[in-house]
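J.: My file is input38.cif. It has mmCIF, C-alpha atoms:
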data_model
#
loop_
_atom_site.label_atom_id
_atom_site.label_comp_id
_atom_site.auth_asym_id
_atom_site.auth_seq_id
_atom_site.Cartn_x
_atom_site.Cartn_y
_atom_site.Cartn_z
CA SER A 409 -34.27 -0.36 -43.91
CA GLN A 410 -35.67 -0.86 -40.48
CA THR A 411 -33.62 -0.17 -37.38
CA ILE A 412 -34.28 -0.35 -33.68
CA HIS A 413 -32.66 1.90 -31.11
CA GLN A 414 -32.52 1.06 -27.45
CA TRP A 415 -30.83 3.06 -24.73
CA PRO A 416 -28.99 3.30 -22.48
CA ALA A 417 -26.67 0.34 -23.05
CA THR A 418 -25.86 0.00 -19.36
CA LEU A 419 -27.50 1.38 -16.26
CA VAL A 420 -26.70 1.11 -12.56
CA GLN A 421 -29.51 2.18 -10.28
CA PRO A 422 -30.05 2.02 -6.51
CA VAL A 423 -32.91 0.03 -5.04
CA GLY A 424 -36.05 2.16 -4.81
CA SER A 425 -35.10 4.50 -7.65
CA PRO A 426 -37.27 4.94 -10.76
CA LEU A 427 -36.53 3.47 -14.17
CA SER A 428 -37.19 4.52 -17.73
CA LEU A 429 -35.86 2.58 -20.71
CA GLU A 430 -36.70 3.77 -24.18
CA CYS A 431 -36.93 1.97 -27.49
CA THR A 432 -37.66 3.43 -30.91
CA VAL A 433 -38.07 1.78 -34.27
CA GLU A 434 -37.36 3.42 -37.61
CA GLY A 435 -38.30 2.48 -41.13
CA THR A 436 -41.59 0.74 -40.43
CA SER A 437 -45.14 1.57 -39.45
CA ASN A 438 -47.43 0.00 -36.88
CA PRO A 439 -44.96 -2.59 -35.65
CA ASN A 440 -45.72 -5.00 -32.86
CA LEU A 441 -43.33 -4.11 -30.03
CA TYR A 442 -42.00 -6.27 -27.24
CA TRP A 443 -39.98 -6.00 -24.03
CA TYR A 444 -38.04 -9.08 -22.96
CA ARG A 445 -35.76 -9.64 -19.99
CA GLN A 446 -32.89 -12.06 -19.63
CA ALA A 447 -32.00 -12.61 -15.99
CA ALA A 448 -28.55 -13.98 -15.19
CA GLY A 449 -28.33 -17.61 -16.32
CA ARG A 450 -31.91 -17.61 -17.53
CA GLY A 451 -33.72 -17.52 -20.84
CA LEU A 452 -35.61 -14.67 -22.45
CA GLN A 453 -38.80 -13.82 -20.64
CA LEU A 454 -41.52 -11.82 -22.38
CA LEU A 455 -42.57 -8.90 -20.17
CA PHE A 456 -44.86 -6.76 -22.34
CA TYR A 457 -46.07 -6.55 -25.90
CA SER A 458 -47.99 -3.91 -27.80
CA VAL A 459 -49.92 -4.11 -31.06
CA GLY A 460 -50.62 -0.37 -31.25
CA ILE A 461 -50.48 3.03 -29.57
CA GLY A 462 -51.72 2.81 -26.00
CA GLN A 463 -52.27 -0.97 -26.25
CA ILE A 464 -50.14 -2.85 -23.73
CA SER A 465 -50.38 -6.47 -22.68
CA SER A 466 -48.48 -7.81 -19.71
CA GLU A 467 -47.30 -11.38 -19.64
CA VAL A 468 -46.20 -11.63 -16.02
CA PRO A 469 -47.09 -9.71 -12.86
CA GLN A 470 -44.17 -7.59 -11.80
CA ASN A 471 -42.80 -4.33 -10.61
CA LEU A 472 -42.56 -2.90 -14.12
CA SER A 473 -44.91 -1.13 -16.52
CA ALA A 474 -44.81 -0.28 -20.20
CA SER A 475 -46.23 2.47 -22.36
CA ARG A 476 -46.47 3.17 -26.06
CA PRO A 477 -47.04 6.91 -26.50
CA GLN A 478 -46.22 6.86 -30.21
CA ASP A 479 -46.41 4.27 -32.97
CA ARG A 480 -42.70 3.54 -32.95
CA GLN A 481 -41.83 4.26 -29.33
CA PHE A 482 -41.98 1.78 -26.48
CA ILE A 483 -41.03 2.66 -22.91
CA LEU A 484 -40.35 0.38 -19.95
CA SER A 485 -40.74 1.97 -16.52
CA SER A 486 -40.69 1.35 -12.82
CA LYS A 487 -41.53 3.67 -9.94
CA LYS A 488 -39.29 1.81 -7.48
CA LEU A 489 -36.68 -0.68 -8.57
CA LEU A 490 -36.09 -3.94 -6.74
CA LEU A 491 -32.91 -6.01 -6.65
CA SER A 492 -34.74 -8.68 -8.64
CA ASP A 493 -35.25 -6.22 -11.51
CA SER A 494 -31.59 -6.60 -12.48
CA GLY A 495 -31.10 -8.16 -15.86
CA PHE A 496 -30.59 -7.62 -19.56
CA TYR A 497 -33.59 -5.88 -21.11
CA LEU A 498 -34.34 -6.27 -24.78
CA CYS A 499 -36.76 -4.41 -26.99
CA ALA A 500 -37.95 -6.13 -30.15
CA TRP A 501 -40.24 -5.48 -33.09
CA GLU A 502 -41.93 -7.36 -35.87
CA VAL A 503 -44.37 -6.62 -38.69
CA GLY A 504 -46.11 -9.72 -39.90
CA SER A 505 -42.87 -11.58 -40.43
CA GLU A 506 -43.19 -13.91 -37.46
CA LYS A 507 -39.58 -13.07 -36.71
CA LEU A 508 -38.56 -10.75 -33.95
CA PHE A 509 -35.80 -8.21 -34.49
CA PHE A 510 -34.07 -7.23 -31.31
CA GLY A 511 -32.36 -4.09 -30.12
CA SER A 512 -28.89 -4.15 -28.61
CA GLY A 513 -30.20 -4.40 -25.07
CA THR A 514 -29.78 -2.58 -21.76
CA GLN A 515 -27.84 -4.17 -18.92
CA LEU A 516 -29.56 -3.01 -15.74
CA SER A 517 -27.87 -3.50 -12.39
CA VAL A 518 -29.90 -2.65 -9.30
CA LEU A 519 -27.70 -2.26 -6.23
CA ASP B 1352 -44.38 -23.83 -16.66
CA GLN B 1353 -41.42 -23.96 -19.03
CA GLN B 1354 -43.00 -24.72 -22.39
CA VAL B 1355 -39.72 -24.59 -24.29
CA LYS B 1356 -36.71 -26.28 -22.74
CA GLN B 1357 -33.09 -26.46 -23.72
CA ASN B 1358 -31.70 -29.02 -21.33
CA SER B 1359 -28.04 -28.46 -22.13
CA PRO B 1360 -26.79 -25.15 -20.74
CA SER B 1361 -23.50 -25.55 -22.57
CA LEU B 1362 -21.85 -27.44 -25.42
CA SER B 1363 -18.23 -27.54 -26.50
CA VAL B 1364 -17.07 -28.81 -29.91
CA GLN B 1365 -13.94 -28.75 -32.01
CA GLU B 1366 -13.69 -26.53 -35.05
CA GLY B 1367 -14.78 -28.37 -38.17
CA ARG B 1368 -16.97 -30.86 -36.32
CA ILE B 1369 -20.75 -30.86 -36.07
CA SER B 1370 -22.58 -28.95 -33.34
CA ILE B 1371 -26.01 -30.25 -32.37
CA LEU B 1372 -28.20 -28.12 -30.16
CA ASN B 1373 -31.43 -29.58 -28.84
CA CYS B 1374 -34.78 -28.14 -27.81
CA ASP B 1375 -37.95 -29.73 -26.46
CA TYR B 1376 -41.41 -28.23 -26.18
CA THR B 1377 -44.61 -29.20 -24.45
CA ASN B 1378 -47.30 -27.06 -26.07
CA SER B 1379 -48.85 -28.97 -28.97
CA MET B 1380 -50.27 -25.70 -30.31
CA PHE B 1381 -46.79 -24.47 -31.27
CA ASP B 1382 -46.54 -24.42 -35.05
CA TYR B 1383 -43.54 -22.24 -35.77
CA PHE B 1384 -40.04 -22.60 -34.41
CA LEU B 1385 -36.99 -20.38 -34.59
CA TRP B 1386 -33.38 -20.34 -33.52
CA TYR B 1387 -31.65 -17.16 -32.41
CA LYS B 1388 -27.97 -16.55 -31.80
CA LYS B 1389 -26.77 -14.14 -29.13
CA TYR B 1390 -23.35 -12.68 -28.44
CA PRO B 1391 -22.60 -11.13 -25.02
CA ALA B 1392 -24.06 -7.66 -24.47
CA GLU B 1393 -25.91 -7.79 -27.79
CA GLY B 1394 -29.47 -8.53 -28.81
CA PRO B 1395 -30.29 -11.95 -30.28
CA THR B 1396 -30.23 -12.26 -34.05
CA PHE B 1397 -32.47 -14.52 -36.07
CA LEU B 1398 -30.74 -17.59 -37.45
CA ILE B 1399 -33.21 -20.03 -38.98
CA SER B 1400 -36.84 -21.08 -38.64
CA ILE B 1401 -39.13 -23.98 -39.47
CA SER B 1402 -42.87 -24.34 -39.81
CA SER B 1403 -44.64 -27.35 -38.37
CA ILE B 1404 -45.59 -28.49 -41.88
CA LYS B 1405 -41.92 -29.29 -42.49
CA ASP B 1406 -39.45 -31.56 -40.76
CA LYS B 1407 -36.26 -29.99 -42.05
CA ASN B 1408 -35.01 -26.61 -43.14
CA GLU B 1409 -31.50 -25.91 -44.32
CA ASP B 1410 -29.59 -22.65 -44.75
CA GLY B 1411 -25.92 -23.00 -45.53
CA ARG B 1412 -24.13 -24.55 -42.56
CA PHE B 1413 -27.28 -24.48 -40.46
CA THR B 1414 -30.04 -27.10 -40.53
CA VAL B 1415 -33.04 -27.31 -38.24
CA PHE B 1416 -34.86 -30.61 -37.76
CA LEU B 1417 -38.36 -30.88 -36.32
CA ASN B 1418 -39.83 -34.06 -34.84
CA LYS B 1419 -43.44 -33.19 -34.05
CA SER B 1420 -44.34 -36.53 -32.52
CA ALA B 1421 -41.49 -36.17 -30.03
CA LYS B 1422 -42.01 -32.42 -29.67
CA HIS B 1423 -38.32 -31.99 -30.31
CA LEU B 1424 -36.23 -29.84 -32.58
CA SER B 1425 -32.53 -29.57 -33.12
CA LEU B 1426 -30.10 -27.22 -34.78
CA HIS B 1427 -27.13 -28.70 -36.62
CA ILE B 1428 -24.13 -26.57 -37.47
CA VAL B 1429 -21.60 -28.15 -39.77
CA PRO B 1430 -18.78 -27.46 -40.00
CA SER B 1431 -18.58 -25.53 -36.75
CA GLN B 1432 -16.44 -22.41 -36.68
CA PRO B 1433 -14.99 -20.42 -33.74
CA GLY B 1434 -17.24 -17.49 -34.73
CA ASP B 1435 -20.24 -19.69 -34.01
CA SER B 1436 -19.42 -19.48 -30.30
CA ALA B 1437 -22.48 -17.81 -28.78
CA VAL B 1438 -25.65 -18.53 -26.84
CA TYR B 1439 -28.31 -20.17 -28.98
CA PHE B 1440 -31.98 -19.75 -28.09
CA CYS B 1441 -34.77 -21.94 -29.34
CA ALA B 1442 -38.16 -20.22 -29.64
CA ALA B 1443 -41.68 -21.28 -30.53
CA SER B 1444 -44.98 -19.66 -31.30
CA ALA B 1445 -48.59 -20.76 -31.70
CA ARG B 1446 -49.53 -18.47 -34.52
CA LYS B 1447 -53.22 -19.28 -34.52
CA THR B 1448 -53.71 -18.40 -30.86
CA SER B 1449 -50.98 -15.98 -29.89
CA GLY B 1450 -49.73 -14.51 -33.12
CA SER B 1451 -46.04 -13.88 -33.14
CA ARG B 1452 -45.45 -13.92 -29.41
CA LEU B 1453 -42.45 -16.16 -28.98
CA THR B 1454 -41.68 -18.41 -26.05
CA PHE B 1455 -37.95 -18.87 -25.61
CA GLY B 1456 -35.88 -21.63 -24.10
CA GLU B 1457 -33.15 -20.98 -21.56
CA GLY B 1458 -30.40 -20.98 -24.13
CA THR B 1459 -27.33 -23.14 -24.79
CA GLN B 1460 -23.83 -21.69 -24.70
CA LEU B 1461 -21.91 -23.11 -27.65
CA THR B 1462 -18.13 -22.93 -27.58
CA VAL B 1463 -16.23 -23.91 -30.72
CA ASN B 1464 -12.58 -24.55 -29.98
CA PRO B 1465 -9.94 -23.85 -32.66
#
As structure tokens, please, write out the structure in this file.

T.:
Amino acid sequence: SQTIHQWPATLVQPVGSPLSLECTVEGTSNPNLYWYRQAAGRGLQLLFYSVGIGQISSEVPQNLSASRPQDRQFILSSKKLLLSDSGFYLCAWEVGSEKLFFGSGTQLSVL
Amino acid sequence: DQQVKQNSPSLSVQEGRISILNCDYTNSMFDYFLWYKKYPAEGPTFLISISSIKDKNEDGRFTVFLNKSAKHLSLHIVPSQPGDSAVYFCAASARKTSGSRLTFGEGTQLTVNP
């Protein structure tokens, strides 16, 4: 069966520090991968999606970037975090099912 | 531009009664709609979906209704149980133009009181 791993579960980082969140999917090949963010009191905002290795599409301009170095690995990064980057980050995958399957999320607090 | 809106941030119902969560959308290209349930500090889990060729889909206690002319969908939970207490997200996609990229609403916090 397919599983998705996302870590860390919580992260507290100072303003201006770098960020790297990792997501891996097991049990499937060539998934579409997504990064979403839920800011406090807000809905789920699509940040990036990828349909293959090295293929990244950004939905909104921001301080973050994404990379897909391997088929089942998706990384969310920042060189310098801002206070506004705080939120709950979710990785998700799907393979032709039109349903997204989400990871457990990372609660990022930028102080 | 919020294309999917859930105008009620919260809803409180008694156990055993019906919960009705509402969602409105503006993009007429949306042809597939889903509801997700989310507990605190966890990722959302898929609950139920409906294609635009249908106006109703039922799965156990959960029923989703779609009114295309009004660009409105709703999720009915009956009977409601305390374990249903969670944030419910409505989502939509325009499969012909954007594949499976989902646009989510802001979510509605459902509280089912024992």

J.: Applied to the shown file, which residues does the PyMOL selection byres ((chain A) within 10 of (chain B)) return, written as a PyMOL selection string?

T.: chain A and resi 417-418+440+442+446+449-454+457+496-500+502-515

J.: Could you turn the residues from that selection into a file that holds C-alpha atoms, as a short mmCIF file (atom, residue, chain, number, x, y, z; two decimals), in the coordinates of the input?

T.:
data_model
loop_
_atom_site.label_atom_id
_atom_site.label_comp_id
_atom_site.auth_asym_id
_atom_site.auth_seq_id
_atom_site.Cartn_x
_atom_site.Cartn_y
_atom_site.Cartn_z
CA ALA A 417 -26.67 0.34 -23.05
CA THR A 418 -25.86 0.00 -19.36
CA ASN A 440 -45.72 -5.00 -32.86
CA TYR A 442 -42.00 -6.27 -27.24
CA GLN A 446 -32.89 -12.06 -19.63
CA GLY A 449 -28.33 -17.61 -16.32
CA ARG A 450 -31.91 -17.61 -17.53
CA GLY A 451 -33.72 -17.52 -20.84
CA LEU A 452 -35.61 -14.67 -22.45
CA GLN A 453 -38.80 -13.82 -20.64
CA LEU A 454 -41.52 -11.82 -22.38
CA TYR A 457 -46.07 -6.55 -25.90
CA PHE A 496 -30.59 -7.62 -19.56
CA TYR A 497 -33.59 -5.88 -21.11
CA LEU A 498 -34.34 -6.27 -24.78
CA CYS A 499 -36.76 -4.41 -26.99
CA ALA A 500 -37.95 -6.13 -30.15
CA GLU A 502 -41.93 -7.36 -35.87
CA VAL A 503 -44.37 -6.62 -38.69
CA GLY A 504 -46.11 -9.72 -39.90
CA SER A 505 -42.87 -11.58 -40.43
CA GLU A 506 -43.19 -13.91 -37.46
CA LYS A 507 -39.58 -13.07 -36.71
CA LEU A 508 -38.56 -10.75 -33.95
CA PHE A 509 -35.80 -8.21 -34.49
CA PHE A 510 -34.07 -7.23 -31.31
CA GLY A 511 -32.36 -4.09 -30.12
CA SER A 512 -28.89 -4.15 -28.61
CA GLY A 513 -30.20 -4.40 -25.07
CA THR A 514 -29.78 -2.58 -21.76
CA GLN A 515 -27.84 -4.17 -18.92
#

J.: Suppose a student applies the PyMOL selection byres ((chain B and resi 1417) around 9) to this structure; what residues should they get, written as a PyMOL selection string?

T.: chain B and resi 1384+1401-1403+1405-1408+1415-1416+1418-1419+1421-1425

J.: Could you tell me how far atom CA of A:Tyr444 sits from atom CA of A:Leu427, in Å to one decimal place?

T.: 15.4 Å

J.: Which neighbours of stretch 473-483 of chain A fall inside 6 Å, counting only C-alpha atoms, when residues of the same chain fewer than 3 positions from it are skipped, and could you give them as a PyMOL selection string?

T.: chain A and resi 429-433+438+461-462

J.: What gap, in Å, lies between atom CA of B:Gln1354 and atom CA of A:Ala448?

T.: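 Interatomic distance here is 19.4 Å.
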
J.: For atom CA of A:Ser485 and atom CA of A:Leu472, quote the distance in Å rounded to one decimal.

T.: 5.7 Å

J.: List the residues selected by the PyMOL selection byres ((chain B and resi 1436) around 6) in the file shown, writing them as an MDAnalysis selection string.

T.: chainID B and resid 1433:1435 1437 1461:1463

J.: Can you tell me, as JSON, numbers by chain, which residues sit within 9 Å of (-24.6, -27.0, -32.2) in the file's frame, using only C-alpha atoms?

T.: {"B": [1362, 1363, 1364, 1369, 1370, 1371, 1372, 1373, 1425, 1426, 1427, 1428, 1429, 1431, 1435, 1439, 1459, 1461, 1462]}

J.: Could you tell me which of B:Ile1404, B:Pro1430, B:Gln1353, B:Gln1460 comes closest to B:Asn1378 if we count all atoms listed in the file?

T.: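 Answer, going by the shortest atom-to-atom distance: B:Gln1353.
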
J.: Got a sec: who's within 7 Å of A:Leu490, counting all atoms listed in the file, leaving out chain neighbours fewer than 2 positions off, as a list of chain:residue names?

T.: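 Here the qualifying residues turn out to be A:Val423, A:Gly424, A:Lys488, A:Ser492, A:Asp493, A:Val518.
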
J.: Can I get a file of stretch 413-519 of chain A from the given structure, C-alpha atoms kept, as an mmCIF file, in the first residue's frame?

T.:
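This went into part-v8.cif:
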data_model
loop_
_atom_site.group_PDB
_atom_site.id
_atom_site.type_symbol
_atom_site.label_atom_id
_atom_site.label_comp_id
_atom_site.auth_asym_id
_atom_site.auth_seq_id
_atom_site.Cartn_x
_atom_site.Cartn_y
_atom_site.Cartn_z
ATOM 1 C CA HIS A 413 6.158 10.382 5.080
ATOM 2 C CA GLN A 414 6.627 13.986 6.045
ATOM 3 C CA TRP A 415 9.044 15.352 8.599
ATOM 4 C CA PRO A 416 9.652 16.946 10.966
ATOM 5 C CA ALA A 417 6.268 17.128 12.679
ATOM 6 C CA THR A 418 7.061 20.441 14.349
ATOM 7 C CA LEU A 419 9.737 23.020 13.741
ATOM 8 C CA VAL A 420 10.611 26.308 15.411
ATOM 9 C CA GLN A 421 12.965 28.490 13.430
ATOM 10 C CA PRO A 422 14.240 32.055 13.856
ATOM 11 C CA VAL A 423 13.534 34.698 11.234
ATOM 12 C CA GLY A 424 16.214 34.673 8.548
ATOM 13 C CA SER A 425 17.175 31.026 9.029
ATOM 14 C CA PRO A 426 16.957 28.458 6.205
ATOM 15 C CA LEU A 427 14.272 25.812 5.871
ATOM 16 C CA SER A 428 14.139 22.317 4.464
ATOM 17 C CA LEU A 429 11.057 20.120 4.743
ATOM 18 C CA GLU A 430 11.118 16.686 3.199
ATOM 19 C CA CYS A 431 8.375 14.439 1.914
ATOM 20 C CA THR A 432 8.679 10.926 0.528
ATOM 21 C CA VAL A 433 6.092 8.601 -0.929
ATOM 22 C CA GLU A 434 6.285 4.818 -0.893
ATOM 23 C CA GLY A 435 4.403 2.182 -2.805
ATOM 24 C CA THR A 436 3.745 4.110 -5.992
ATOM 25 C CA SER A 437 5.590 5.348 -9.046
ATOM 26 C CA ASN A 438 5.530 8.701 -10.790
ATOM 27 C CA PRO A 439 3.066 10.345 -8.425
ATOM 28 C CA ASN A 440 1.993 13.938 -8.744
ATOM 29 C CA LEU A 441 3.280 15.694 -5.627
ATOM 30 C CA TYR A 442 1.997 18.801 -3.907
ATOM 31 C CA TRP A 443 2.928 21.213 -1.124
ATOM 32 C CA TYR A 444 0.078 22.998 0.632
ATOM 33 C CA ARG A 445 0.114 25.458 3.503
ATOM 34 C CA GLN A 446 -2.578 26.179 6.047
ATOM 35 C CA ALA A 447 -2.005 29.508 7.751
ATOM 36 C CA ALA A 448 -3.712 30.108 11.097
ATOM 37 C CA GLY A 449 -7.463 30.441 10.562
ATOM 38 C CA ARG A 450 -7.134 30.034 6.827
ATOM 39 C CA GLY A 451 -7.815 27.352 4.256
ATOM 40 C CA LEU A 452 -5.367 25.149 2.391
ATOM 41 C CA GLN A 453 -3.292 27.061 -0.107
ATOM 42 C CA LEU A 454 -1.495 25.237 -2.907
ATOM 43 C CA LEU A 455 2.159 26.304 -2.990
ATOM 44 C CA PHE A 456 3.843 23.949 -5.467
ATOM 45 C CA TYR A 457 3.062 20.891 -7.508
ATOM 46 C CA SER A 458 5.217 18.514 -9.509
ATOM 47 C CA VAL A 459 4.318 16.016 -12.208
ATOM 48 C CA GLY A 460 7.814 14.528 -12.464
ATOM 49 C CA ILE A 461 11.470 14.714 -11.474
ATOM 50 C CA GLY A 462 12.766 18.255 -11.784
ATOM 51 C CA GLN A 463 9.350 19.593 -12.846
ATOM 52 C CA ILE A 464 8.053 22.185 -10.401
ATOM 53 C CA SER A 465 5.158 24.575 -10.813
ATOM 54 C CA SER A 466 4.561 27.419 -8.407
ATOM 55 C CA GLU A 467 1.073 28.635 -7.700
ATOM 56 C CA VAL A 468 1.862 31.792 -5.753
ATOM 57 C CA PRO A 469 4.898 34.072 -5.569
ATOM 58 C CA GLN A 470 6.590 33.660 -2.235
ATOM 59 C CA ASN A 471 9.700 33.217 -0.204
ATOM 60 C CA LEU A 472 9.745 29.454 -0.693
ATOM 61 C CA SER A 473 11.018 27.047 -3.337
ATOM 62 C CA ALA A 474 10.497 23.373 -4.070
ATOM 63 C CA SER A 475 12.565 20.636 -5.635
ATOM 64 C CA ARG A 476 11.979 17.067 -6.723
ATOM 65 C CA PRO A 477 15.361 15.338 -6.915
ATOM 66 C CA GLN A 478 13.860 11.848 -7.073
ATOM 67 C CA ASP A 479 10.577 10.394 -8.288
ATOM 68 C CA ARG A 480 9.134 9.985 -4.809
ATOM 69 C CA GLN A 481 10.864 12.819 -2.970
ATOM 70 C CA PHE A 482 9.611 16.381 -2.698
ATOM 71 C CA ILE A 483 11.453 19.084 -0.767
ATOM 72 C CA LEU A 484 10.254 22.499 0.355
ATOM 73 C CA SER A 485 12.970 25.059 1.047
ATOM 74 C CA SER A 486 13.682 28.627 1.964
ATOM 75 C CA LYS A 487 16.972 30.501 2.179
ATOM 76 C CA LYS A 488 15.659 33.012 4.722
ATOM 77 C CA LEU A 489 12.447 32.491 6.637
ATOM 78 C CA LEU A 490 9.981 35.296 7.259
ATOM 79 C CA LEU A 491 7.455 35.569 10.076
ATOM 80 C CA SER A 492 4.710 35.147 7.484
ATOM 81 C CA ASP A 493 6.072 31.703 6.573
ATOM 82 C CA SER A 494 4.616 30.287 9.785
ATOM 83 C CA GLY A 495 1.917 27.738 9.197
ATOM 84 C CA PHE A 496 1.014 24.092 8.820
ATOM 85 C CA TYR A 497 2.704 22.590 5.758
ATOM 86 C CA LEU A 498 1.235 19.573 4.065
ATOM 87 C CA CYS A 499 2.685 17.316 1.412
ATOM 88 C CA ALA A 500 0.259 15.349 -0.750
ATOM 89 C CA TRP A 501 0.322 12.873 -3.615
ATOM 90 C CA GLU A 502 -2.002 11.413 -6.175
ATOM 91 C CA VAL A 503 -1.795 9.046 -9.138
ATOM 92 C CA GLY A 504 -4.678 9.476 -11.501
ATOM 93 C CA SER A 505 -7.242 9.099 -8.757
ATOM 94 C CA GLU A 506 -8.282 12.742 -8.602
ATOM 95 C CA LYS A 507 -8.008 12.409 -4.846
ATOM 96 C CA LEU A 508 -5.151 13.816 -2.869
ATOM 97 C CA PHE A 509 -3.598 11.824 -0.053
ATOM 98 C CA PHE A 510 -1.959 13.996 2.545
ATOM 99 C CA GLY A 511 0.963 13.527 4.878
ATOM 100 C CA SER A 512 0.702 14.258 8.576
ATOM 101 C CA GLY A 513 1.975 17.805 8.192
ATOM 102 C CA THR A 514 4.694 20.010 9.665
ATOM 103 C CA GLN A 515 3.819 22.819 12.051
ATOM 104 C CA LEU A 516 6.339 25.568 11.353
ATOM 105 C CA SER A 517 6.695 28.465 13.762
ATOM 106 C CA VAL A 518 8.977 31.312 12.708
ATOM 107 C CA LEU A 519 9.932 33.511 15.647
#
